[in-house]
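Trainee: Take this structure first; my questions come after.
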2 protein chains.
Amino acid sequence: MSVNLKPPKPASLHPVPGVRLGVAEAGIRKANRKDVTLIELAAGSRVAGVFTTNRFCAAPVQVCKAHLAAAEGIRALVINTGIANAGTGELGLANSKQTCDAVAALLGASPSSVLPFSTGVILEHLPMDRLIAGLPAARQNLRDDGWFDAAHAIMTTDTIAKAVSRQIEIGGATVTLTGMSKGAGMIKPNMATMLGFLATDAAISQPLLETLVEEAAGLSFNSITIDGDTSTNDSFILIATGRAGNAEISDAASADYQALRSAVVEVSIELAQAIVRDGEGATKFMTLAIEGGGSREECRKVGYAIGHSPLVKTAFFASDPNLGRILAAIGYAGIDDLDVSKIRVWLAADGEEVLVAEEGGRASSYLEEAGSRVMKSPEITVRVDLARGQSAVRMWTCDFSYDYVKINADYRS
Amino acid sequence: MSVNLKPPKPASLHPVPGVRLGVAEAGIRKANRKDVTLIELAAGSRVAGVFTTNRFCAAPVQVCKAHLAAAEGIRALVINTGIANAGTGELGLANSKQTCDAVAALLGASPSSVLPFSTGVILEHLPMDRLIAGLPAARQNLRDDGWFDAAHAIMTTDTIAKAVSRQIEIGGATVTLTGMSKGAGMIKPNMATMLGFLATDAAISQPLLETLVEEAAGLSFNSITIDGDTSTNDSFILIATGRAGNAEISDAASADYQALRSAVVEVSIELAQAIVRDGEGATKFMTLAIEGGGSREECRKVGYAIGHSPLVKTAFFASDPNLGRILAAIGYAGIDDLDVSKIRVWLAADGEEVLVAEEGGRASSYLEEAGSRVMKSPEITVRVDLARGQSAVRMWTCDFSYDYVKINADYRS
């Protein structure tokens with residue numbers, strides 16, 4: 001199941017000059033499945049990333065951070081599905097490094113110019129022989145227009161491949177942005193079992209690229225939740241190959257940066273929302289618009305309390321306007337001096353917005369028929385005015401269905 | 001479904017001198033159902049309580065707090081099921097007060113000597129005419145041995161009534177403790193949609209009774225979680241009628257206090273565990289023993305991260321020793337300087353304890369068969385050694401099944 005998520009059309013995914021992608025079947029965990037993806041970057045490409053905050057961060061994440069810090073220039077990314085290489089101790093770390101060594105040898109690059117990514121079950125070791133044996137085929141397969149196949153090869157419990165592409169003008173040059181993401185469960189910010197890769201051919205300075213990946217992650221991948229679980233492997237990588245011909249962007253206040261930033265954020269949000277739309281067992285896509293907060297942080301607390309509540313999520317699954325569960329979640333979000341008598345809550349869908357709660361209870365104008373009508377929509381916005389200040393956030397989540405339990409009870413079997 | 005939870009036997013529930021209980025059918029939300037319970041206390045009884053921290057705390061909770069603060073002496077408790085009277089604004093508050101007025105008039109007591117409790121759906125108003133019309137029958141029905149019927153009358157989505165009774169000796173006097181609880185969903189500490197009432201005939205000073213209810217709640221009702229939702233109505237009430245004939249306990253260091261404390265904590269834990277055993281859709285009962293923490297607070301963070309993770313909970317439902325999900329939860333529990341290489345994790349059941357993780361990964365001695373054998377048990381202990389200090393906590397939770405979704409998607413329909 002998924003909510004209003006269409007698979008990408010191959011022709012819609014513009015190649016990004018300087019980026020080639022190749023996939024292969026290595027038999028990591030299951031046979032006859034593309035499970036290794038290689039991404040080769042032209043010399044001079046710049047790369048920045050945001051990673052999981054989980055203390056059990058997986059071996060590949062540790063290696064990625066070290067290789068990015070080495071600042072030698074990244075020339076390749078290697079992604080395997082099937083096994084996450086997380087909770088694997090010293091051997092896991094050695095395996096991630098060995099993967100980089102093998103890719104480096106194939107491409108004639110240095111090991112620290114390779115970033116490794118793994119996603120799948122945790123606490124199991126990578127079958128290094130099979131993984132390494134699969135790499136030459138992925139290299140053989142490297143193509144400019146490899147995004148469509150790569151978006152499929154990085155899927156785990158995803159039901160639909162996720163890829164987005166845009167072209168914009170910056171200073172007279174056509175700039176391309178193409179990205180892909182994967183993830184459908186264990187999704188909570190900071191971050192999710194989610195991998196995101198976004199490449200552009202824009203020329204941008206390394207410091208500004210690093211600012212941009214943080215900003216974009218905060219507004220997209222770090223604003224979604226499916227089940228509240230923060231994975232060990234989450235990574236979002238922003239690549240800039242600098243081949244578009246625009247003047248290098250190095251000023252955050254420039255119009256060029258704002259244009260690029262806006263496009264990167266837009267594509268990142270679409271990639272992040274695709275993960276929620278494909279949330280394990282999802283039947284509803286919910287936007288949480290939390291407004292009137294004293295700070296963005298307290299708005300996020302309220303958004304997460306609503307977005308994580310199994311009771312709220314099962315009520316949405318049932319199309320039940322059980323508003324009390326939403327109010328209860330707002331109440332326990334952790335804002336100690338919250339004045340609940342000032343809060344207003346709306347449900348909106350299909351152009352109709354219904355005020356459901358005010359003055360500490362059900363809105364006097366509220367009619368259950370209107371609430372029920374809105375709840376039947378597959379795309380619903382929950383808007384909350386905390387009446388405490390000017391901060392606002394938008395976050396996205398999905399409902400909680402029988403199939404979520406089924407998928408997660410069966411995943412390893 | 002429930003996990004190793006047997007209904008109480010009527011004869012096992014010792015009457016508590018000074019406490020009479022009566023139930024009636026008021027038709028609050030459904031017909032032909034005992035939905036109002038009255039508890040009458042003898043003059044001189046002392047009462048202390050712990051209540052929800054939810055900012056949307058329900059009208060009856062607000063009234064309870066005000067009436068306890070008035071310190072005039074509590075003479076009656078009135079509990080209705082069906083409607084929680086939460087998220088009901090000023091009218092809800094007026095309705096709770098009116099309920100107290102009606103009980104007070106029936107018993108010839110003052111309104112502020114009555115504590116009201118409500119549990120059920122939120123955002124709906126109490127049908128005051130029917131509630132008040134039902135009270136005389138509950139009063140007519142008042143009996144010393146009314147615990148068994150009362151434990152049934154306070155049930156909502158509970159499948160089994162929950163009541164526990166003990167007798168101990170204090171200073172040569174026989175002291176009785178009898179309690180009941182309800183709750184099966186929206187269970188997270190501080191607190192749950194959970195009501196707990198524990199009465200003893202021990203003589204104890206008011207300040208020490210207040211200390212005791214806090215201590216007991218912390219070790220029992222505030223150490224359980226089913227779905228992470230903190231309800232609007234949670235209340236745990238400790239009553240001491242002073243009729244046992246023991247010398248009044250007023251010294252926290254005395255042997256008498258320690259004996260009473262130990263019995264109160266034991267009964268509270270049993271009542272709290274009964275709620276988890278009857279958790280909505282539960283098929284497994286899990287004890288989370290978190291040890292070696294730098295503080296109790298960080299142990300609790302780890303316990304809640306494990307106990308709230310839908311991925312951990314569905315893995316237990318599937319009897320799948322998916323240890324990685326447990327490690328991931330420990331990793332995102334919010335202990336910033338956690339050294340995962342020192343953590344050890346065991347799974348235990350039926351007298352067998354299996355070391356599953358050490359040194360940042362799967363334990364070298366771990367065999368999947370052993371993990372699978374333990375996971376098949378309906379009662380499993382997850383023991384975590386954080387290797388940071390001497391603090392330890394025990395918490396309890398249950399798994400997450402298809403039936404959890406079914407119960408919560410269907411609850412209002």
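Residues are referred to by chain and number: the chain letter is A, B, ... according to the order shown in the structure tokens, the number counts from 1 in that chain, and ligands are numbered separately from 1 in the order shown.
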I need the strand (DSSP E or B) residues of segment 99-301 of chain A per DSSP on the backbone, written as a ChimeraX atom specification.

Mentor: /A:114-121,143,162-170,173-182,195-200,204,224-225,235-240,249,285-293

Trainee: Report as a Markdown table: every residue of chain B with an atom at most 6 Å from chain A, its closest pair of atoms, and their distance in Å to one decimal, counting only C-alpha atoms, with rows sorted by chain and ascending residue number.

Mentor:
| residue | atom | partner | partner_atom | distance |
| --- | --- | --- | --- | --- |
| B:Asn54 | CA | A:Tyr332 | CA | 4.7 |
| B:Arg55 | CA | A:Gly331 | CA | 4.3 |
| B:Phe56 | CA | A:Gly331 | CA | 4.8 |
| B:Gly87 | CA | A:Gly361 | CA | 4.2 |
| B:Thr88 | CA | A:Gly361 | CA | 4.5 |
| B:Gly89 | CA | A:Gly360 | CA | 4.8 |
| B:Ile122 | CA | A:Gly324 | CA | 5.0 |
| B:Leu123 | CA | A:Gly324 | CA | 5.4 |
| B:Thr314 | CA | A:Ala409 | CA | 5.1 |
| B:Ala315 | CA | A:Ala409 | CA | 5.4 |
| B:Ala318 | CA | A:Ala409 | CA | 4.9 |
| B:Gly324 | CA | A:Ile122 | CA | 4.9 |
| B:Gly331 | CA | A:Arg55 | CA | 4.3 |
| B:Tyr332 | CA | A:Asn54 | CA | 4.7 |
| B:Gly360 | CA | A:Gly89 | CA | 4.7 |
| B:Gly361 | CA | A:Gly87 | CA | 4.1 |
| B:Arg362 | CA | A:Leu123 | CA | 5.9 |
| B:Tyr402 | CA | A:Tyr402 | CA | 5.5 |
| B:Asn408 | CA | A:Thr314 | CA | 5.9 |
| B:Ala409 | CA | A:Ala318 | CA | 4.9 |

Trainee: Of the residues A:Leu41, A:Leu5, A:Ile275, A:Ala137, which is the one nearest to Val23 of chain A, using only C-alpha atoms?

Mentor: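 Nearest candidate to Val23 of chain A out of A:Leu41, A:Leu5, A:Ile275, A:Ala137: A:Ala137.
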
Trainee: Quick one: distance from atom CA of Asp251 of chain B to atom CA of Pro207 of chain B in Å, one decimal?

Mentor: 9.9 Å

Trainee: Hey, can you check how far atom CA of Ser254 of chain A sits from atom CA of Ile204 of chain A?

Mentor: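 Interatomic distance, atom CA of Ser254 of chain A to atom CA of Ile204 of chain A: 11.7 Å.
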
Trainee: List every residue of segment 171-319 of chain A that DSSP, applied to the backbone of this structure, assigns to alpha helix (DSSP H), and report them as a PyMOL selection string.

Mentor: chain A and resi 206-219+255-277+296-308+310-317

Trainee: Only C-alpha atoms, please: the residues just picked out, written as a PDB file, in the first residue's frame.

Mentor:
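Below you can see part04.pdb, which holds the result:
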ATOM      1  CA  GLN A 206      31.965  23.391   0.260  1.00  0.00           C
ATOM      2  CA  PRO A 207      30.953  25.436   3.359  1.00  0.00           C
ATOM      3  CA  LEU A 208      27.684  26.516   1.766  1.00  0.00           C
ATOM      4  CA  LEU A 209      26.986  22.959   0.568  1.00  0.00           C
ATOM      5  CA  GLU A 210      27.327  21.827   4.175  1.00  0.00           C
ATOM      6  CA  THR A 211      24.944  24.542   5.358  1.00  0.00           C
ATOM      7  CA  LEU A 212      22.498  23.582   2.640  1.00  0.00           C
ATOM      8  CA  VAL A 213      22.419  19.851   3.460  1.00  0.00           C
ATOM      9  CA  GLU A 214      21.664  20.672   7.113  1.00  0.00           C
ATOM     10  CA  GLU A 215      18.919  23.125   6.205  1.00  0.00           C
ATOM     11  CA  ALA A 216      17.327  20.819   3.665  1.00  0.00           C
ATOM     12  CA  ALA A 217      17.469  17.781   6.002  1.00  0.00           C
ATOM     13  CA  GLY A 218      15.838  19.785   8.793  1.00  0.00           C
ATOM     14  CA  LEU A 219      12.907  20.810   6.610  1.00  0.00           C
ATOM     15  CA  ALA A 255      19.913  35.254  -5.213  1.00  0.00           C
ATOM     16  CA  ASP A 256      21.731  32.302  -6.770  1.00  0.00           C
ATOM     17  CA  TYR A 257      21.976  30.554  -3.397  1.00  0.00           C
ATOM     18  CA  GLN A 258      18.330  31.256  -2.629  1.00  0.00           C
ATOM     19  CA  ALA A 259      17.302  29.779  -5.983  1.00  0.00           C
ATOM     20  CA  LEU A 260      19.396  26.654  -5.440  1.00  0.00           C
ATOM     21  CA  ARG A 261      18.336  26.337  -1.816  1.00  0.00           C
ATOM     22  CA  SER A 262      14.686  26.573  -2.727  1.00  0.00           C
ATOM     23  CA  ALA A 263      15.025  23.824  -5.345  1.00  0.00           C
ATOM     24  CA  VAL A 264      17.080  21.556  -3.062  1.00  0.00           C
ATOM     25  CA  VAL A 265      14.566  21.968  -0.239  1.00  0.00           C
ATOM     26  CA  GLU A 266      11.652  21.315  -2.577  1.00  0.00           C
ATOM     27  CA  VAL A 267      13.174  18.123  -3.974  1.00  0.00           C
ATOM     28  CA  SER A 268      14.231  16.976  -0.487  1.00  0.00           C
ATOM     29  CA  ILE A 269      10.697  17.464   0.836  1.00  0.00           C
ATOM     30  CA  GLU A 270       9.275  15.517  -2.076  1.00  0.00           C
ATOM     31  CA  LEU A 271      11.746  12.668  -1.482  1.00  0.00           C
ATOM     32  CA  ALA A 272      11.009  12.693   2.254  1.00  0.00           C
ATOM     33  CA  GLN A 273       7.248  12.795   1.727  1.00  0.00           C
ATOM     34  CA  ALA A 274       7.563   9.848  -0.666  1.00  0.00           C
ATOM     35  CA  ILE A 275       8.948   7.820   2.251  1.00  0.00           C
ATOM     36  CA  VAL A 276       5.908   8.677   4.364  1.00  0.00           C
ATOM     37  CA  ARG A 277       3.506   7.998   1.488  1.00  0.00           C
ATOM     38  CA  ARG A 296      10.245  25.822  16.363  1.00  0.00           C
ATOM     39  CA  GLU A 297      11.430  23.257  18.914  1.00  0.00           C
ATOM     40  CA  GLU A 298       8.154  23.285  20.823  1.00  0.00           C
ATOM     41  CA  CYS A 299       6.198  23.100  17.571  1.00  0.00           C
ATOM     42  CA  ARG A 300       8.227  20.003  16.679  1.00  0.00           C
ATOM     43  CA  LYS A 301       7.498  18.447  20.088  1.00  0.00           C
ATOM     44  CA  VAL A 302       3.782  18.807  19.426  1.00  0.00           C
ATOM     45  CA  GLY A 303       4.144  17.490  15.879  1.00  0.00           C
ATOM     46  CA  TYR A 304       6.028  14.430  17.070  1.00  0.00           C
ATOM     47  CA  ALA A 305       3.616  13.754  19.922  1.00  0.00           C
ATOM     48  CA  ILE A 306       0.742  13.692  17.409  1.00  0.00           C
ATOM     49  CA  GLY A 307       2.736  11.894  14.739  1.00  0.00           C
ATOM     50  CA  HIS A 308       3.993   9.169  17.090  1.00  0.00           C
ATOM     51  CA  PRO A 310      -0.372   4.922  18.073  1.00  0.00           C
ATOM     52  CA  LEU A 311      -3.836   5.972  19.204  1.00  0.00           C
ATOM     53  CA  VAL A 312      -3.922   8.951  16.827  1.00  0.00           C
ATOM     54  CA  LYS A 313      -2.506   6.836  14.024  1.00  0.00           C
ATOM     55  CA  THR A 314      -5.010   4.014  14.436  1.00  0.00           C
ATOM     56  CA  ALA A 315      -7.869   6.557  14.591  1.00  0.00           C
ATOM     57  CA  PHE A 316      -6.735   7.985  11.231  1.00  0.00           C
ATOM     58  CA  PHE A 317      -6.525   4.442   9.859  1.00  0.00           C
TER      59      PHE A 317
END

Trainee: Using only C-alpha atoms, which residues sit within 9 Å of Ile154 of chain B once same-chain residues fewer than 6 positions away are excluded, as an NGL selection string?

Mentor: :B and (34-37 or 79-81 or 119 or 161 or 180-182 or 195)

Trainee: Generate a file of the selected residues that holds C-alpha atoms, formatted as a PDB file, in the first residue's frame.

Mentor:
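Okay, selection34.pdb is ready:
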ATOM      1  CA  LYS B  34     -22.528  -1.364  35.399  1.00  0.00           C
ATOM      2  CA  ASP B  35     -20.922   2.013  34.765  1.00  0.00           C
ATOM      3  CA  VAL B  36     -21.066   3.918  38.037  1.00  0.00           C
ATOM      4  CA  THR B  37     -19.129   2.983  41.155  1.00  0.00           C
ATOM      5  CA  ILE B  79     -16.216   6.673  39.234  1.00  0.00           C
ATOM      6  CA  ASN B  80     -17.976   6.497  35.893  1.00  0.00           C
ATOM      7  CA  THR B  81     -16.956   4.648  32.746  1.00  0.00           C
ATOM      8  CA  THR B 119     -12.794   7.069  32.043  1.00  0.00           C
ATOM      9  CA  ALA B 161     -11.071  -7.319  36.070  1.00  0.00           C
ATOM     10  CA  MET B 180      -8.270  -2.474  41.965  1.00  0.00           C
ATOM     11  CA  SER B 181      -7.129  -0.969  38.698  1.00  0.00           C
ATOM     12  CA  LYS B 182      -8.349  -0.499  35.159  1.00  0.00           C
ATOM     13  CA  LEU B 195      -7.298   4.297  37.332  1.00  0.00           C
TER      14      LEU B 195
END

Trainee: Name all residues at most 10 Å from Pro127 of chain A (count only C-alpha atoms; drop same-chain ones fewer than 5 positions away) and give them as a PDB file with C-alpha atoms, in the first residue's frame.

Mentor:
ATOM      1  CA  ALA A  26      25.397  -9.505  -5.367  1.00  0.00           C
ATOM      2  CA  GLY A  27      23.115 -11.885  -3.454  1.00  0.00           C
ATOM      3  CA  ILE A  28      23.711 -10.080  -0.160  1.00  0.00           C
ATOM      4  CA  ARG A  29      20.682 -11.570   1.521  1.00  0.00           C
ATOM      5  CA  ILE A  83      22.091  -6.134   5.613  1.00  0.00           C
ATOM      6  CA  ASN A  95      33.867  -4.812   6.473  1.00  0.00           C
ATOM      7  CA  ILE A 132      32.948  -7.638  -3.428  1.00  0.00           C
TER       8      ILE A 132
END

Trainee: Give me the residues within 6 Å of Ile290 of chain B as number ranges by chain, counting only C-alpha atoms and dropping any in the same chain fewer than 4 places off.

Mentor: B: 299, 383-384, 392-393

Trainee: Output N, CA and C atoms for every residue in that selection, as a compact mmCIF listing (two decimals), in the first residue's frame.

Mentor:
# COMPACT_ATOMS: atom_id res chain seq x y z
N CYS B 299 18.17 5.35 33.06
CA CYS B 299 17.66 3.98 32.92
C CYS B 299 16.23 4.01 32.38
N ARG B 383 17.15 -7.61 29.71
CA ARG B 383 18.04 -7.01 30.70
C ARG B 383 19.15 -6.28 29.97
N VAL B 384 19.35 -5.02 30.35
CA VAL B 384 20.36 -4.19 29.69
C VAL B 384 21.32 -3.68 30.75
N ALA B 392 19.47 1.41 38.67
CA ALA B 392 18.71 0.37 37.97
C ALA B 392 17.23 0.64 38.10
N VAL B 393 16.47 0.26 37.08
CA VAL B 393 15.01 0.33 37.17
C VAL B 393 14.43 -0.95 36.56

Trainee: As an exercise, work out the distance from atom CA of Glu352 of chain A to atom CA of Ile160 of chain A in Å and give it to one decimal place.

Mentor: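 Between atom CA of Glu352 of chain A and atom CA of Ile160 of chain A the gap is 29.3 Å.
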
Trainee: Which residue out of B:Glu169, B:Glu379, B:Glu25, B:Glu248 has the minimum interatomic distance to Trp396 of chain B when only C-alpha atoms are used?

Mentor: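 Smallest distance to Trp396 of chain B is found for B:Glu379.
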